[in-house]
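Below is one structure, written out as structure tokens, with a few remarks after it.
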Amino acid sequence: MKKNLCRTRFYLVLQFLVSVSFAQEKVPEGTSSAGITSAELREHVRYLSSDELGGRKTGEEGNRMAASYVAKAFASYGLKPLGDNGTFMQAFPFLSEIKPGKQNRLGFTMSGKKVSLAVDEEFRPLSASSDTSFSAPVVFAGYGIAADSLHYNDYDGIDVRNAVVIALRYSPEGAEGDSVYTKYSPILVKAFTARDRGAAALILVTGPLDSKEPVLMNFKLPQNASAGIGMLTMKWSALNTLLAGAGKDINALQRQLNETRKPASFRLANATAEVQTQVERVYGTSQNIIGYLEGTDPLLKNEALIIGAHIDHLGMGGEGSGSLRPDTSAVHHGADDNASGTAGLLEVAQNLAANRSQLKRSALFASFSGEEMGVIGSEFFVQHPPHPLDLTVAMVNMDMIGRMNDSLLVVEGMGTSPSFEQLVRGENADSLQLRLKPDGYGPSDHASFYGKNLPVMFFFTNLHSDYHRPSDTWDKINYAGEEKVVKLIGRVSMELLNAPARPQFTKVVMASSMGAGGDRQGVRVSLGVVPDYAEDAAGMKISGTRPGSAAEKAGLKGGDILISFGGKSIKNIYDFTYLLGEYKPGDVVKIIVKRGGEEVTLSATLDARK
């Protein structure tokens with residue numbers, strides 16, 4: 001996300017949001033009780049996860065309808081709007097789409113003979129491509145793999161500086177299953193390998209042994225990242241025409257690579273590629289929905305407890321959506337993820353509003369969008385807080401609280417304040433089986449607040465087989481169980497709102513993980529940084545470091561953008577995670593970061609991954 005991108009443009013959209021008033025709206029049908037009930041939770045979940053809302057994808061109409069529903073409910077409870085210009089809506093920009101631009105071309109000149117390829121018929125750009133325009137020599141580099149530990153390097157003895165590299169997809173072991181080459185075969189790893197050796201562009205080809213018919217890769221890659229070089233895909237039939245001028249054949253070359261497991265790379269003599277790539281990054285507008293309930297104590301009412309849940313889900317699914325059925329285009333209902341949490345938020349808000357005379361502190365209710373895209377809504381919230389963060393006592397988050405099984409409830413963030421474990425256990429009136437975890441980072445919106453040194457709690461009833469699939473539907477929710485969870489959250493919230501002193505904040509020292517620490521499963525080392533997934537930066541922006549980690553000791557800070565690691569350039573988080581796997585505990589690594597307008601060089605001694 002680029003925070004300053006086209007402010008005037010998205011504020012035009014905001015004017016529409018501002019014009020909507022919810023003051024006259026009625027309470028959503030069937031949800032008028034001030035108590036927290038399973039019947040009302042069901043009504044909220046049924047609507048929010050209905051086909052009508054189409055999966056509530058950030059920026060889409062179903063998401064806006066869900067936002068309107070929440071705002072209408074907030075208004076009916078008597079909450080004060082704390083969004084933009086007197087509304088409940090806090091608008092934020094986000095990267096909504098990546099699509100091919102109009103200026104994409106690929107041609108070759110071979111011994112004076114020119115051949116131009118047809119876009120979307122014989123070639124196409126890939127979504128990770130940088131915008132480029134150049135002529136360059138051509139190198140065929142096998143599978144584009146550099147795996148010295150496997151004694152296989154397609155770049156051995158080949159100079160690809162300022163050249164167009166053509167490489168096959170996958171590896172000598174084919175496209176199916178696990179392989180010793182798995183670490184080196186992902187598309188962005190191949191792009192990094194080519195870029196690190198100075199290539200101007202990488203063209204990927206699905207070979208004839210992997211597809212009998214010549215095919216092009218999909219434009220959209222699963223990762224929204226820029227590779228830092230031109231990236232294209234080309235049919236093997238077009239490659240064969242090019243190779244014929246050099247007396248080569250792609251069928252024979254791929255068979256040789258697969259059978260011998262030895263590189264067969266070469267520069268195409270008297271060959272030049274003319275390349276132009278253009279990828280358009282389209283930004284849209286979504287919104288957080290924010291309501292405020294003022295406390296009654298003359299002093300404590302200046303402090304606020306934030307209670308939140310994300311409202312978005314995956315829309316119709318598809319490649320790159322996060323769906324675990326990416327080949328299926330269907331409404332991803334998201335009943336548990338996170339209509340259940342949004343329903344819980346509404347019930348807690350309604351209940352506390354009905355008992356406002358008993359509240360000393362103020363309560364801020366936040367329904368975040370953009371969580372499934374990398375907590376971008378809550379990151380925007382903490383960067384543009386509608387209530388001062390230094391007057392915020394804690395954040396309580398609900399994400400997937402509707403599928404309780406065997407009375408099990410996971411509560412994370414218990415280590416972020418010394419009082420939290422006793423508080424949660426003391427309010428557990430329904431004797432739920434509590435699994436309390438200390439960490440404040442994790443795959444949901446509370447991580448944005450923990451990164452700002454605020455105590456957090458994250459309530460969660462665990463994963464299930466319908467997670468991120470179209471089958472996460474309203475009829476599978478355990479509403480009786482969710483009622484118990486939400487009542488617990490209500491009691492905990494009431495205690496935090498009325499406690500004589502705000503909870504003390506503590507940082508949690510523990511091993512990092514890919515989801516929160518920027519470290520990949522299977523690697524031996526940890527740096528201990530927390531990636532900022534909301535930022536569309538040239539490099540890897542971090543929102544913080546873990547206490548006691550190599551990153552903290554090296555002097556890395558939240559807001560830093562890693563641009564070089566061990567002398568290798570970093571364009572995205574995937575470059576970083578790949579490079580991390582090349583080190584062992586105790587290695588000292590030179591790191592260059594952008595901090596403000598300056599480049600800062602630091603040195604980190606990598607820890608063992610725990």
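Each chain in the structure tokens gets a letter, A, B and so on, in the order shown; residues start at 1 in every chain, and ligands are counted from 1 in the order they appear.
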Any idea what's packed within 12 Å of region 251-261 of chain A, counting only C-alpha atoms, ignoring anything in its chain fewer than 3 positions away? Could you give it as a PDB file with C-alpha atoms, in the first residue's frame?
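Result written to around.pdb:
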ATOM      1  CA  PHE A 140      18.866 -20.336 -22.694  1.00  0.00           C
ATOM      2  CA  ALA A 141      19.452 -21.319 -19.037  1.00  0.00           C
ATOM      3  CA  GLY A 142      17.834 -24.729 -18.659  1.00  0.00           C
ATOM      4  CA  TYR A 143      15.529 -24.647 -15.641  1.00  0.00           C
ATOM      5  CA  GLY A 144      17.002 -21.401 -14.320  1.00  0.00           C
ATOM      6  CA  ILE A 145      18.095 -23.165 -11.122  1.00  0.00           C
ATOM      7  CA  ALA A 147      21.573 -25.208  -6.471  1.00  0.00           C
ATOM      8  CA  LEU A 150      22.894 -30.323  -5.353  1.00  0.00           C
ATOM      9  CA  HIS A 151      25.826 -29.797  -7.723  1.00  0.00           C
ATOM     10  CA  TYR A 152      23.423 -28.363 -10.260  1.00  0.00           C
ATOM     11  CA  ASN A 153      23.723 -24.785 -11.537  1.00  0.00           C
ATOM     12  CA  ASP A 154      22.191 -23.714 -14.844  1.00  0.00           C
ATOM     13  CA  ALA A 167      14.249 -20.941 -18.667  1.00  0.00           C
ATOM     14  CA  LEU A 168      11.907 -23.884 -18.287  1.00  0.00           C
ATOM     15  CA  ARG A 169       9.384 -24.066 -15.474  1.00  0.00           C
ATOM     16  CA  TYR A 170       9.676 -26.628 -12.692  1.00  0.00           C
ATOM     17  CA  SER A 171      12.823 -28.783 -12.458  1.00  0.00           C
ATOM     18  CA  PRO A 172      14.545 -31.868 -13.896  1.00  0.00           C
ATOM     19  CA  GLU A 173      12.234 -33.927 -11.674  1.00  0.00           C
ATOM     20  CA  GLY A 174       9.097 -32.509 -13.316  1.00  0.00           C
ATOM     21  CA  ALA A 175       6.083 -30.644 -11.998  1.00  0.00           C
ATOM     22  CA  VAL A 180      15.137 -32.094  -4.090  1.00  0.00           C
ATOM     23  CA  TYR A 181      14.758 -29.011  -6.313  1.00  0.00           C
ATOM     24  CA  VAL A 205       8.409 -21.709 -20.638  1.00  0.00           C
ATOM     25  CA  THR A 206       6.330 -24.764 -19.756  1.00  0.00           C
ATOM     26  CA  GLY A 207       8.270 -27.449 -21.614  1.00  0.00           C
ATOM     27  CA  PRO A 208       6.860 -30.185 -23.870  1.00  0.00           C
ATOM     28  CA  LEU A 209       7.567 -32.906 -21.291  1.00  0.00           C
ATOM     29  CA  ASP A 210       5.306 -31.027 -18.842  1.00  0.00           C
ATOM     30  CA  SER A 211       2.599 -30.070 -21.344  1.00  0.00           C
ATOM     31  CA  LYS A 212       2.096 -31.791 -24.699  1.00  0.00           C
ATOM     32  CA  PRO A 214       2.131 -25.387 -25.920  1.00  0.00           C
ATOM     33  CA  TRP A 236       7.442 -23.825 -26.096  1.00  0.00           C
ATOM     34  CA  SER A 237       6.436 -23.811 -29.766  1.00  0.00           C
ATOM     35  CA  LEU A 239      10.864 -21.148 -28.225  1.00  0.00           C
ATOM     36  CA  ASN A 240      11.417 -24.052 -30.598  1.00  0.00           C
ATOM     37  CA  LEU A 243      16.106 -22.567 -31.060  1.00  0.00           C
ATOM     38  CA  ALA A 244      15.869 -23.982 -34.571  1.00  0.00           C
ATOM     39  CA  GLY A 247      20.278 -26.023 -34.480  1.00  0.00           C
ATOM     40  CA  LYS A 248      18.560 -26.955 -31.211  1.00  0.00           C
ATOM     41  CA  ALA A 264      22.967 -27.440 -20.890  1.00  0.00           C
ATOM     42  CA  SER A 265      22.882 -23.639 -20.996  1.00  0.00           C
ATOM     43  CA  PHE A 266      24.105 -21.558 -23.904  1.00  0.00           C
TER      44      PHE A 266
END
Check: Just asking: which residues within region 380-416 of chain A are strand (DSSP E or B) according to DSSP, as a ChimeraX atom specification?
Finding: /A:392-398,408-412
Check: Quick one: DSSP alpha helix (DSSP H) residues in region 130-353 of chain A, as a PyMOL selection string?
Finding: chain A and resi 187-196+236-244+250-260+341-353
Check: Which value, in Å to one decimal, gives the distance between CA of Glu213 (chain A) and CA of Pro125 (chain A)?
Finding: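 Between these atoms lies a distance of 19.6 Å.
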Checklist line | Contact residues around Tyr578 (chain A) with only C-alpha atoms at 12 Å, ignoring same-chain residues under 2 positions, as a PyMOL selection string | finding: chain A and resi 182-193+514+518-525+565+568-576+580-583
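Between CA of Met217 (chain A) and CA of Pro100 (chain A) the interatomic distance comes to 13.4 Å.
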Item checked: Nearby residues (only C-alpha atoms) at most 8 Å from region 428-434 of chain A, same-chain spacing under 5 positions excluded, as a VMD selection string -> chain A and resid 406 to 411 484 488
Check: Closest to Val115 (chain A) among A:Ser68, A:Glu97, A:Ala238, A:Val165, using only C-alpha atoms?
Finding: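 Going through A:Ser68, A:Glu97, A:Ala238, A:Val165 one by one, the smallest distance to Val115 (chain A) is for A:Ala238.
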Checklist line | Atomic distance CA of Lys594 (chain A) - CA of Phe92 (chain A), expressed in Å with one decimal | finding: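 If I compute the distance from CA of Lys594 (chain A) to CA of Phe92 (chain A), I get 24.2 Å.
Minimum atom-to-atom distances from A:Gly481, A:Gly413, A:Gly402, A:Gly112 to Gly245 (chain A) were compared using only C-alpha atoms, and the lowest value belongs to A:Gly112.
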